[in-house]
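Trainee: My questions all concern the structure below.
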Amino acid sequence: MQLQRAQSGVAGALDTSGSSAPSGTGTNAGKLNAGKLTAPSEAGGIALAIAAAAFLLLFLVIPVATVIRAAFADGAGGLTFGHFGAFFGLTLMRESFVNSLVVALLSVLCASIIAVPLAYLTARFAFRGALLIQTLGVLPLIMPPFVGAVAMQLIFGKSGSVNLLLSEHFDITLPFMEGLAGVVFVESLHYFPFILLNLTAALANIDSAMEEAAQNLGSSGFALFRRVVFPLALPGYVAGASLVFVKVFDDLGTPLVLNVTNMLAPQAYLRITSVGLEDPVGYVISVLMIAFSVLAMWLASLTLRNRDYATTQRGGAAAAKRALRPWQAVLAYGWVVLMLLLTLSPHIGLLLLSFAKVWSFSPLPEAYTLEHYATMFGDSGGMLGNTLLYCGLAALIDVLLGVTIAWLILRSRLPLMKSLDFIATASLAIPGLVLAIGYLRTFRDVEINGVALAGSWLLIMLAYSIRRLPYALRACVAALQQVHVSLEEAAQNLGASRTRTMQRVMVPLMAGGILAGFVTSFITAAVELSATLLLTTSQGQAPMSYGIYLYMQSIAGRGPGAALGVLALVVVALGTFCANRVMRSLQHGRQELP
Amino acid sequence: MIDPDRSAGHAAVEGACEVQIHHIALSYDGGRTQVLKDISLDIRAGELFALLGPSGSGKSTLLRLIAGFNTAQSGQLLVGGEDISQVPPHQRNIGMVFQNYALWPHMTVRDNVAFGLVERRWARSAIDTKVAEMLSLVGLEDYAARRPNQLSGGQQQRVALARTLAISPRVLLLDEPLSNLDANLRVQMREELKRLQRRLGITTIFVTHDQEEALTTCDRIAVMDGGIVQQVGRPDQLYDDPVNRFVARFIGSVNLLPARVLRDTEAAEAVTRQLKAVRVESDVFGIITVPAHSVPPSETRGELALRPLAMHLAPEGTAARPDDIVIAGQIVER
């Protein structure tokens with residue numbers, strides 16, 4: 001103070017040089033011959049990237065490209081659209097094309113009718129049924145739709161439980177399961193959780209202030225929903241709906257089991273298996289299926305672009321939940337219970353079927369037995385072993401690739417890693433059927449140690465790993481994202497090399513996510529049917545999903561088939577439960593980094 | 001600068017290294033984003049040195065470069081006279097405390113602190129002794145078996161510090177170490193850090209955007225902005241003699257008034273130069289003589305930096321001291 005007063009009260013000097021010119025800093029060491037500092041070697045990263053890219057190229061890109069080329073090849077090395085002309089010239093094919101589109105769109109519509117009210121109920125109302133709805137969200141997913149289809153025929157079919165009761169009491173029957181309607185019914189009941197889960201998450205992410213602002217400006221009720229809530233939640237809905245469309249459009253098992261063959265996927269399967277690998281129609285169908293999958297996902301991404309509506313901000317709360325009025329509560333509970341019954345029906349039906357001695361033209365089985373389980377365990381011990389082997393290996397490949405690609409995307413500064421991620425994720429848009437056709441054609445002349453690759457179980461396993469890679473990849477990316485980069489740097493800073501850092505810090509911290517990715521890949525591969533049907537060449541190499549399908553082909557086999565289905569269900573349910581537990585404990589246990 | 005604490009002569013001081021940075025430049029996107037532009041700094045052995053600047057000034061980038069997590073395009077980085085530009089991070093033995101502490105959630109406090117010693121293949125018993133020593137250094141002897149998420153922010157901070165000091169680093173880097181603590185704790189930890197640094201005599205580089213933190217804690221400060229070191233000096237130098245408008249504004253509060261250096265006779269200018277002062281003219285003050293570290297040429301236009309601390313409001317008629325500049329005025333609004 002004194003000093004400054006003594007200096008005429010002005011501390012400082014004239015600033016003559018503008019605001020941010022470099023000042024002569026402490027050292028004036030002259031021009032040092034500055035050594036060029038190079039980046040530490042990325043050789044390891046490059047090798048990993050090449051290995052991952054080679055795997056994707058060999059087992060995803062090339063087979064799919066082979067299929068696409070076959071659809072346009074004129075047989076003399078040139079290109080032609082002739083096959084497409086021939087395809088649309090066939091009445092059956094035109095019909096199949098329209099049917100597939102109609103079934104997929106109607107399934108999206110029906111799934112939306114089921115899912116949207118359920119999502120809105122959970123997200124916006126104080127509703128005791130929330131737990132029920134969550135259960136609803138998982139139950140269908142743990143059973144492959146083609147397994148459910150058989151059971152549902154017994155319950156909702158022409159001579160199924162419901163119609164028997166209806167005709168007995170009211171003298172009417174309802175054609176739930178006839179033809180395309182049956183496919184739509186089964187598919188929408190099976191796939192509505194995709195919309196439910198995505199939409200619920202999107203609704204939960206809307207900041208309560210968004211709705212409160214609208215209410216403050218005079219909006220309420222349905223207008224509030226239509227003008228504010230729904231547009232904000234739209235990305236979640238679109239993401240779910242596009243997934244449903246793709247899944248239904250590509251599904252092979254359900255139409256086959258319901259004996260509906262005038263759709264694209266069954267036609268492709270029948271063409272390839274009966275006419276042969278040279279039949280161009282199978283390839284045309286494959287290309288159409290890829291095109292529509294890609295189109296659906298592209299449209300979804302267009303809708304999602306620039307619409308990252310995660311509006312919950314720090315300190316922002318999720319919307320307060322409103323109480324239901326009595327009549328609303330009645331409606332809500334009614335809807336939830338009805339949906340729960342519908343959703344549970346395939347599970348119940350399958351369980352009954354597996355214990356039923358005789359079950360035809362009666363609402364419930366007339367006598368019960370355990371002998372189907374005995375038959376099933378007698379016949380299909382090998383199938384269980386095969387499923388464990390193929391799915392275990394496939395899931396292992398998936399997590400190895402998943403960790404590698406996740407690390408390359410998030411931690412390496414190598415170029416082109418985004419496209420590696422894109423290709424790995426793009427396998428979502430490739431139907432299992434198409435991938436299998438691609439494998440058969442690409443590897444038909446390839447032999448390993450004198451054994452034809454096209455006939456070996458290796459291809460089944462590889463198809464599983466490619467098909468389920470996106471799930472494992474997302475799990476690994478999520479796990480790695482949770483591990484803040486400073487945790488890795490701190491280890492290096494204290495003297496741990498790259499390998500040691502991996503071993504002591506990264507792997508332990510990512511273990512939960514990796515395990516969840518493994519389980520998800522494993523259980524979804526266990527119920528994969530379309531690729532399995534085409535790639536299985538002998539009984540000895542058949543996995544469980546193939547076995548169930550085979551059993552279900554004959555009336556006598558339905559019992560053991562159902563028993564095998566129940567077994568698969570238990571395996572998948574246990575796996576899902578474990579994966580969920582791991583994920584949940586991960587979310588709770590993860591360190592909150594400031 | 002003589003510091004009684006430091007001259008007490010701890011053994012560790014002799015092992016302290018100086019850090020020399022010569023013409024370091026770093027850019028991203030193939031040179032499009034220049035983060036560091038020709039940085040040169042000399043950090044003395046045993047010094048507590050701050051890199052101070054707003055966010056985006058490049059201070060954290062420079063710190064990470066010293067730790068080995070960023071690579072410069074050109075320039076030299078010497079620690080204890082040895083060029084370490086090519087040494088990978090895990091072989092540098094330069095300890096860093098991260099802004100978010102980066103404690104591994106899957107390890108106990110003990111395992112966190114022991115981490116670097118395990119990497120150095122110390123014997124088990126030696127590790128146990130060292131960990132106990134480090135934990136008592138930061139006052140957390142009783143927390144060895146806890147996990148990081150069972151600790152408060154301040155305790156996590158101490159564990160991070162203990163973990164880093166356990167490896168006896170040549171240089172200690174602190175990246176915004178206090179920014180995640182609440183205000184009271186921040187002042188307390190600031191004092192504690194300073195005491196610890198004095199006691200160990202370890203060369204320490206402290207990155208912060210908080211000028212008060214830097215001014216109260218550090219021996220010398222480099223003020224950075226736009227990837228450039230604007231000024232290096234002791235806190236009082238930066239406060240009293242800012243070299244440019246940025247530093248004047250960034251350190252403390254200041255009023256900047258347009259002013260012009262007056263042309264004077266040769267003899268008069270020689271006198272003012274000897275007094276390290278300069279005669280300037282401004283609208284508010286008219287012609288006055290002010291202290292100036294370096295004397296700019298006549299007729300230079302620039303700004304007069306005026307610290308509010310140096311101003312004093314007095315009723316009319318109060319006797320002024322000879323050096324005071326008195327300006328008459330009236331209070332318009334208060």
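Order determines the names: the first chain of the structure tokens is A, the second B, and so forth; residues in each chain are numbered 1 upward, and ligands are numbered 1 upward as they are shown.
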If we count only C-alpha atoms, what is near stretch 95-98 of chain B at a cut-off of 6 Å, once residues fewer than 6 positions away on the same chain are taken out, given as a list in words?
Mentor: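 Close residues of stretch 95-98 of chain B: Thr164, Pro169, Leu172, Leu173, Leu174 and Asp175 of chain B.
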Trainee: Produce a file of the selected residues containing N, CA and C atoms, as a short mmCIF file (atom, residue, chain, number, x, y, z; two decimals), in the first residue's frame.
Mentor:
```cif
data_model
loop_
_atom_site.label_atom_id
_atom_site.label_comp_id
_atom_site.auth_asym_id
_atom_site.auth_seq_id
_atom_site.Cartn_x
_atom_site.Cartn_y
_atom_site.Cartn_z
N THR B 164 1.53 -40.27 -6.08
CA THR B 164 2.52 -39.68 -6.98
C THR B 164 3.87 -39.51 -6.29
N PRO B 169 9.32 -38.78 -7.56
CA PRO B 169 9.49 -38.26 -8.92
C PRO B 169 10.54 -37.15 -8.98
N LEU B 172 7.33 -32.78 -9.90
CA LEU B 172 5.93 -33.01 -9.58
C LEU B 172 5.05 -32.08 -10.41
N LEU B 173 4.08 -32.66 -11.11
CA LEU B 173 3.17 -31.86 -11.92
C LEU B 173 1.79 -31.89 -11.27
N LEU B 174 1.19 -30.72 -11.11
CA LEU B 174 -0.14 -30.65 -10.52
C LEU B 174 -1.08 -30.00 -11.53
N ASP B 175 -2.08 -30.74 -11.98
CA ASP B 175 -3.00 -30.20 -12.99
C ASP B 175 -4.28 -29.73 -12.31
#
```
Trainee: Using DSSP assignments from the backbone, pull out every residue in stretch 139-300 of chain B that falls under strand (DSSP E or B) and give it to me as a PyMOL selection string.
Mentor: chain B and resi 171-175+203-208+220-225+228-233+255-261+277-282+286-291
Trainee: For B:Glu47, work out the shell of residues within 8 Å, counting only C-alpha atoms and skipping chain neighbours fewer than 4 positions away, then give it as a count of residues only.
Mentor: 7
Trainee: Based on only C-alpha atoms, which of the residues in chain B come within 6 Å of chain A? I want them as a ChimeraX atom specification.
Mentor: /B:71-76,89-91,100,102,116,119,230,240-241,244-246,292,302-306,310,323-325
Trainee: What lies within 9 Å of stretch 287-293 of chain A using only C-alpha atoms, ignoring chain neighbours under 5 positions off, as a PDB file with N, CA and C atoms, in the first residue's frame?
Mentor:
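Written output follows (around08.pdb):
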```pdb
ATOM      1  N   VAL A  67     -22.653 -61.480 -52.640  1.00  0.00           N
ATOM      2  CA  VAL A  67     -24.098 -61.610 -52.832  1.00  0.00           C
ATOM      3  C   VAL A  67     -24.610 -60.509 -53.762  1.00  0.00           C
ATOM      4  N   ILE A  68     -24.177 -59.286 -53.486  1.00  0.00           N
ATOM      5  CA  ILE A  68     -24.654 -58.162 -54.295  1.00  0.00           C
ATOM      6  C   ILE A  68     -24.197 -58.323 -55.749  1.00  0.00           C
ATOM      7  N   ALA A  71     -26.218 -60.756 -57.710  1.00  0.00           N
ATOM      8  CA  ALA A  71     -27.545 -60.283 -58.103  1.00  0.00           C
ATOM      9  C   ALA A  71     -27.484 -59.464 -59.386  1.00  0.00           C
ATOM     10  N   PHE A  97     -42.845 -59.736 -52.155  1.00  0.00           N
ATOM     11  CA  PHE A  97     -42.259 -58.429 -51.882  1.00  0.00           C
ATOM     12  C   PHE A  97     -43.270 -57.548 -51.151  1.00  0.00           C
ATOM     13  N   SER A 242     -37.519 -48.304 -36.298  1.00  0.00           N
ATOM     14  CA  SER A 242     -36.721 -48.758 -37.441  1.00  0.00           C
ATOM     15  C   SER A 242     -36.124 -50.135 -37.159  1.00  0.00           C
ATOM     16  N   LEU A 243     -35.753 -50.354 -35.892  1.00  0.00           N
ATOM     17  CA  LEU A 243     -35.232 -51.674 -35.518  1.00  0.00           C
ATOM     18  C   LEU A 243     -36.301 -52.743 -35.722  1.00  0.00           C
ATOM     19  N   PHE A 245     -38.833 -52.662 -37.763  1.00  0.00           N
ATOM     20  CA  PHE A 245     -39.024 -52.862 -39.203  1.00  0.00           C
ATOM     21  C   PHE A 245     -37.962 -53.808 -39.752  1.00  0.00           C
ATOM     22  N   VAL A 246     -36.706 -53.514 -39.441  1.00  0.00           N
ATOM     23  CA  VAL A 246     -35.604 -54.317 -39.981  1.00  0.00           C
ATOM     24  C   VAL A 246     -35.699 -55.760 -39.520  1.00  0.00           C
ATOM     25  N   LYS A 247     -35.942 -55.943 -38.218  1.00  0.00           N
ATOM     26  CA  LYS A 247     -36.002 -57.296 -37.660  1.00  0.00           C
ATOM     27  C   LYS A 247     -37.113 -58.093 -38.324  1.00  0.00           C
ATOM     28  N   PHE A 249     -38.690 -57.507 -41.220  1.00  0.00           N
ATOM     29  CA  PHE A 249     -38.458 -57.663 -42.649  1.00  0.00           C
ATOM     30  C   PHE A 249     -37.477 -58.808 -42.927  1.00  0.00           C
ATOM     31  N   ASP A 250     -36.515 -58.982 -42.007  1.00  0.00           N
ATOM     32  CA  ASP A 250     -35.479 -59.981 -42.219  1.00  0.00           C
ATOM     33  C   ASP A 250     -35.805 -61.348 -41.628  1.00  0.00           C
ATOM     34  N   LEU A 264     -40.516 -62.531 -48.555  1.00  0.00           N
ATOM     35  CA  LEU A 264     -39.194 -62.520 -49.176  1.00  0.00           C
ATOM     36  C   LEU A 264     -38.214 -63.507 -48.537  1.00  0.00           C
ATOM     37  N   ALA A 265     -38.093 -63.448 -47.187  1.00  0.00           N
ATOM     38  CA  ALA A 265     -37.076 -64.279 -46.542  1.00  0.00           C
ATOM     39  C   ALA A 265     -37.322 -65.771 -46.801  1.00  0.00           C
ATOM     40  N   GLY A 282     -32.564 -65.780 -55.519  1.00  0.00           N
ATOM     41  CA  GLY A 282     -32.146 -65.725 -54.120  1.00  0.00           C
ATOM     42  C   GLY A 282     -31.295 -64.491 -53.846  1.00  0.00           C
ATOM     43  N   TRP A 298     -31.224 -45.710 -42.541  1.00  0.00           N
ATOM     44  CA  TRP A 298     -30.834 -44.393 -43.046  1.00  0.00           C
ATOM     45  C   TRP A 298     -31.918 -43.367 -42.723  1.00  0.00           C
ATOM     46  N   LEU A 428     -25.466 -54.931 -38.475  1.00  0.00           N
ATOM     47  CA  LEU A 428     -26.855 -54.918 -38.001  1.00  0.00           C
ATOM     48  C   LEU A 428     -27.832 -54.943 -39.166  1.00  0.00           C
ATOM     49  N   ALA A 429     -27.450 -54.315 -40.276  1.00  0.00           N
ATOM     50  CA  ALA A 429     -28.354 -54.189 -41.409  1.00  0.00           C
ATOM     51  C   ALA A 429     -28.272 -55.386 -42.350  1.00  0.00           C
ATOM     52  N   ILE A 430     -27.412 -56.350 -42.035  1.00  0.00           N
ATOM     53  CA  ILE A 430     -27.280 -57.511 -42.911  1.00  0.00           C
ATOM     54  C   ILE A 430     -28.077 -58.680 -42.321  1.00  0.00           C
ATOM     55  N   PRO A 431     -29.148 -59.110 -42.972  1.00  0.00           N
ATOM     56  CA  PRO A 431     -29.932 -60.229 -42.463  1.00  0.00           C
ATOM     57  C   PRO A 431     -29.062 -61.488 -42.362  1.00  0.00           C
ATOM     58  N   VAL A 434     -28.867 -63.470 -45.515  1.00  0.00           N
ATOM     59  CA  VAL A 434     -27.994 -62.928 -46.561  1.00  0.00           C
ATOM     60  C   VAL A 434     -26.532 -63.262 -46.266  1.00  0.00           C
TER      61      VAL A 434
END
```
Trainee: May I have all residues of stretch 107-168 of chain B that DSSP, computed from the backbone, assigns to helix (DSSP H, G or I), given as an mmCIF file with N, CA and C atoms, in the first residue's frame?
Mentor:
```
data_model
loop_
_atom_site.group_PDB
_atom_site.id
_atom_site.type_symbol
_atom_site.label_atom_id
_atom_site.label_comp_id
_atom_site.auth_asym_id
_atom_site.auth_seq_id
_atom_site.Cartn_x
_atom_site.Cartn_y
_atom_site.Cartn_z
ATOM 1 N N VAL B 109 -6.979 -47.770 -1.260
ATOM 2 C CA VAL B 109 -6.050 -46.652 -1.128
ATOM 3 C C VAL B 109 -4.613 -47.182 -1.110
ATOM 4 N N ARG B 110 -4.405 -48.266 -0.359
ATOM 5 C CA ARG B 110 -3.061 -48.835 -0.235
ATOM 6 C C ARG B 110 -2.542 -49.260 -1.622
ATOM 7 N N ASP B 111 -3.397 -49.980 -2.363
ATOM 8 C CA ASP B 111 -2.966 -50.471 -3.679
ATOM 9 C C ASP B 111 -2.724 -49.328 -4.654
ATOM 10 N N ASN B 112 -3.538 -48.282 -4.537
ATOM 11 C CA ASN B 112 -3.312 -47.123 -5.375
ATOM 12 C C ASN B 112 -1.933 -46.532 -5.118
ATOM 13 N N VAL B 113 -1.617 -46.345 -3.836
ATOM 14 C CA VAL B 113 -0.342 -45.720 -3.491
ATOM 15 C C VAL B 113 0.833 -46.632 -3.866
ATOM 16 N N ALA B 114 0.605 -47.949 -3.746
ATOM 17 C CA ALA B 114 1.694 -48.884 -4.020
ATOM 18 C C ALA B 114 1.942 -49.097 -5.511
ATOM 19 N N PHE B 115 1.001 -48.625 -6.346
ATOM 20 C CA PHE B 115 1.027 -48.974 -7.775
ATOM 21 C C PHE B 115 2.390 -48.766 -8.439
ATOM 22 N N GLY B 116 2.915 -47.573 -8.305
ATOM 23 C CA GLY B 116 4.170 -47.255 -8.990
ATOM 24 C C GLY B 116 5.338 -48.073 -8.454
ATOM 25 N N LEU B 117 5.283 -48.415 -7.147
ATOM 26 C CA LEU B 117 6.366 -49.186 -6.539
ATOM 27 C C LEU B 117 6.331 -50.629 -7.030
ATOM 28 N N VAL B 118 5.107 -51.144 -7.225
ATOM 29 C CA VAL B 118 4.971 -52.489 -7.787
ATOM 30 C C VAL B 118 5.568 -52.517 -9.193
ATOM 31 N N GLU B 119 5.285 -51.450 -9.959
ATOM 32 C CA GLU B 119 5.848 -51.384 -11.313
ATOM 33 C C GLU B 119 7.376 -51.330 -11.266
ATOM 34 N N ARG B 124 8.236 -56.478 -1.296
ATOM 35 C CA ARG B 124 6.972 -56.302 -0.612
ATOM 36 C C ARG B 124 7.105 -55.459 0.648
ATOM 37 N N SER B 125 8.101 -55.815 1.454
ATOM 38 C CA SER B 125 8.235 -55.119 2.737
ATOM 39 C C SER B 125 8.591 -53.654 2.512
ATOM 40 N N ALA B 126 9.426 -53.422 1.523
ATOM 41 C CA ALA B 126 9.813 -52.044 1.216
ATOM 42 C C ALA B 126 8.589 -51.246 0.770
ATOM 43 N N ILE B 127 7.733 -51.889 -0.026
ATOM 44 C CA ILE B 127 6.519 -51.217 -0.493
ATOM 45 C C ILE B 127 5.649 -50.851 0.710
ATOM 46 N N ASP B 128 5.457 -51.825 1.625
ATOM 47 C CA ASP B 128 4.608 -51.575 2.788
ATOM 48 C C ASP B 128 5.120 -50.380 3.595
ATOM 49 N N THR B 129 6.436 -50.349 3.800
ATOM 50 C CA THR B 129 7.012 -49.249 4.561
ATOM 51 C C THR B 129 6.771 -47.920 3.866
ATOM 52 N N LYS B 130 7.035 -47.903 2.552
ATOM 53 C CA LYS B 130 6.915 -46.650 1.798
ATOM 54 C C LYS B 130 5.464 -46.169 1.771
ATOM 55 N N VAL B 131 4.537 -47.108 1.572
ATOM 56 C CA VAL B 131 3.126 -46.729 1.516
ATOM 57 C C VAL B 131 2.707 -46.131 2.850
ATOM 58 N N ALA B 132 3.127 -46.773 3.937
ATOM 59 C CA ALA B 132 2.778 -46.248 5.264
ATOM 60 C C ALA B 132 3.355 -44.850 5.442
ATOM 61 N N GLU B 133 4.584 -44.675 4.999
ATOM 62 C CA GLU B 133 5.237 -43.370 5.115
ATOM 63 C C GLU B 133 4.469 -42.299 4.339
ATOM 64 N N MET B 134 4.070 -42.658 3.113
ATOM 65 C CA MET B 134 3.364 -41.702 2.257
ATOM 66 C C MET B 134 1.999 -41.354 2.840
ATOM 67 N N LEU B 135 1.313 -42.385 3.343
ATOM 68 C CA LEU B 135 -0.014 -42.122 3.892
ATOM 69 C C LEU B 135 0.079 -41.258 5.145
ATOM 70 N N SER B 136 1.133 -41.445 5.919
ATOM 71 C CA SER B 136 1.237 -40.594 7.108
ATOM 72 C C SER B 136 1.648 -39.186 6.697
ATOM 73 N N LEU B 137 2.382 -39.081 5.604
ATOM 74 C CA LEU B 137 2.768 -37.764 5.087
ATOM 75 C C LEU B 137 1.524 -36.922 4.779
ATOM 76 N N GLU B 141 -3.274 -42.311 7.396
ATOM 77 C CA GLU B 141 -2.827 -43.633 7.839
ATOM 78 C C GLU B 141 -3.995 -44.599 8.025
ATOM 79 N N ASP B 142 -5.139 -44.054 8.486
ATOM 80 C CA ASP B 142 -6.244 -44.943 8.852
ATOM 81 C C ASP B 142 -7.131 -45.314 7.670
ATOM 82 N N TYR B 143 -6.780 -44.851 6.478
ATOM 83 C CA TYR B 143 -7.683 -45.057 5.358
ATOM 84 C C TYR B 143 -7.147 -46.055 4.328
ATOM 85 N N PRO B 148 -11.419 -45.669 -3.131
ATOM 86 C CA PRO B 148 -11.479 -44.235 -3.422
ATOM 87 C C PRO B 148 -12.887 -43.641 -3.280
ATOM 88 N N ASN B 149 -13.926 -44.395 -3.691
ATOM 89 C CA ASN B 149 -15.254 -43.781 -3.635
ATOM 90 C C ASN B 149 -15.815 -43.717 -2.220
ATOM 91 N N GLN B 150 -15.022 -44.201 -1.232
ATOM 92 C CA GLN B 150 -15.446 -44.047 0.158
ATOM 93 C C GLN B 150 -14.763 -42.844 0.797
ATOM 94 N N GLY B 153 -13.652 -35.617 -1.269
ATOM 95 C CA GLY B 153 -12.831 -35.038 -2.327
ATOM 96 C C GLY B 153 -11.439 -34.677 -1.847
ATOM 97 N N GLY B 154 -11.357 -34.082 -0.659
ATOM 98 C CA GLY B 154 -10.057 -33.681 -0.119
ATOM 99 C C GLY B 154 -9.166 -34.889 0.160
ATOM 100 N N GLN B 155 -9.800 -35.959 0.674
ATOM 101 C CA GLN B 155 -9.026 -37.173 0.957
ATOM 102 C C GLN B 155 -8.539 -37.814 -0.337
ATOM 103 N N GLN B 156 -9.394 -37.815 -1.354
ATOM 104 C CA GLN B 156 -8.978 -38.374 -2.649
ATOM 105 C C GLN B 156 -7.774 -37.618 -3.177
ATOM 106 N N GLN B 157 -7.842 -36.304 -3.035
ATOM 107 C CA GLN B 157 -6.751 -35.442 -3.459
ATOM 108 C C GLN B 157 -5.436 -35.847 -2.785
ATOM 109 N N ARG B 158 -5.524 -36.100 -1.470
ATOM 110 C CA ARG B 158 -4.320 -36.494 -0.732
ATOM 111 C C ARG B 158 -3.794 -37.850 -1.189
ATOM 112 N N VAL B 159 -4.709 -38.788 -1.442
ATOM 113 C CA VAL B 159 -4.276 -40.106 -1.901
ATOM 114 C C VAL B 159 -3.544 -39.957 -3.239
ATOM 115 N N ALA B 160 -4.119 -39.126 -4.121
ATOM 116 C CA ALA B 160 -3.496 -38.915 -5.426
ATOM 117 C C ALA B 160 -2.079 -38.358 -5.245
ATOM 118 N N LEU B 161 -1.960 -37.457 -4.291
ATOM 119 C CA LEU B 161 -0.655 -36.847 -4.028
ATOM 120 C C LEU B 161 0.313 -37.898 -3.474
ATOM 121 N N ALA B 162 -0.160 -38.689 -2.508
ATOM 122 C CA ALA B 162 0.679 -39.725 -1.901
ATOM 123 C C ALA B 162 1.128 -40.730 -2.957
ATOM 124 N N ARG B 163 0.199 -41.099 -3.833
ATOM 125 C CA ARG B 163 0.495 -42.070 -4.873
ATOM 126 C C ARG B 163 1.608 -41.550 -5.780
ATOM 127 N N THR B 164 1.535 -40.267 -6.079
ATOM 128 C CA THR B 164 2.522 -39.685 -6.984
ATOM 129 C C THR B 164 3.873 -39.509 -6.291
ATOM 130 N N LEU B 165 3.833 -39.065 -5.031
ATOM 131 C CA LEU B 165 5.090 -38.826 -4.315
ATOM 132 C C LEU B 165 5.809 -40.127 -3.979
#
```
Trainee: Give me, as a PyMOL selection string, all polymer residues having an atom no more than 8 Å from stretch 517-532 of chain A, counting only C-alpha atoms and skipping those fewer than 2 positions away in the same chain.
Mentor: chain A and resi 143-144+251-253+387+391-392+394-396+398-399+432-436+460+463-465+467-469+471-476+513-515+534-536+543-546+568+571-572+575-576+579
Trainee: Which residue is closest to B:Ala214? Choose from B:Gly317, B:Phe49, B:Thr33, B:Val187 and count only C-alpha atoms.
Mentor: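 Among B:Gly317, B:Phe49, B:Thr33, B:Val187, it is B:Phe49 that comes nearest to B:Ala214.
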Trainee: One decimal, Å: what's the distance from atom CA of A:Asn99 over to atom CA of A:Val257, could you say?
Mentor: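 We find that atom CA of A:Asn99 and atom CA of A:Val257 lie 16.5 Å from each other.
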Trainee: Return the single residue from B:Met189, B:Ala277, B:Ile251, B:Ala144 that is closest to B:Ile221, with distances computed using only C-alpha atoms.
Mentor: B:Ile251
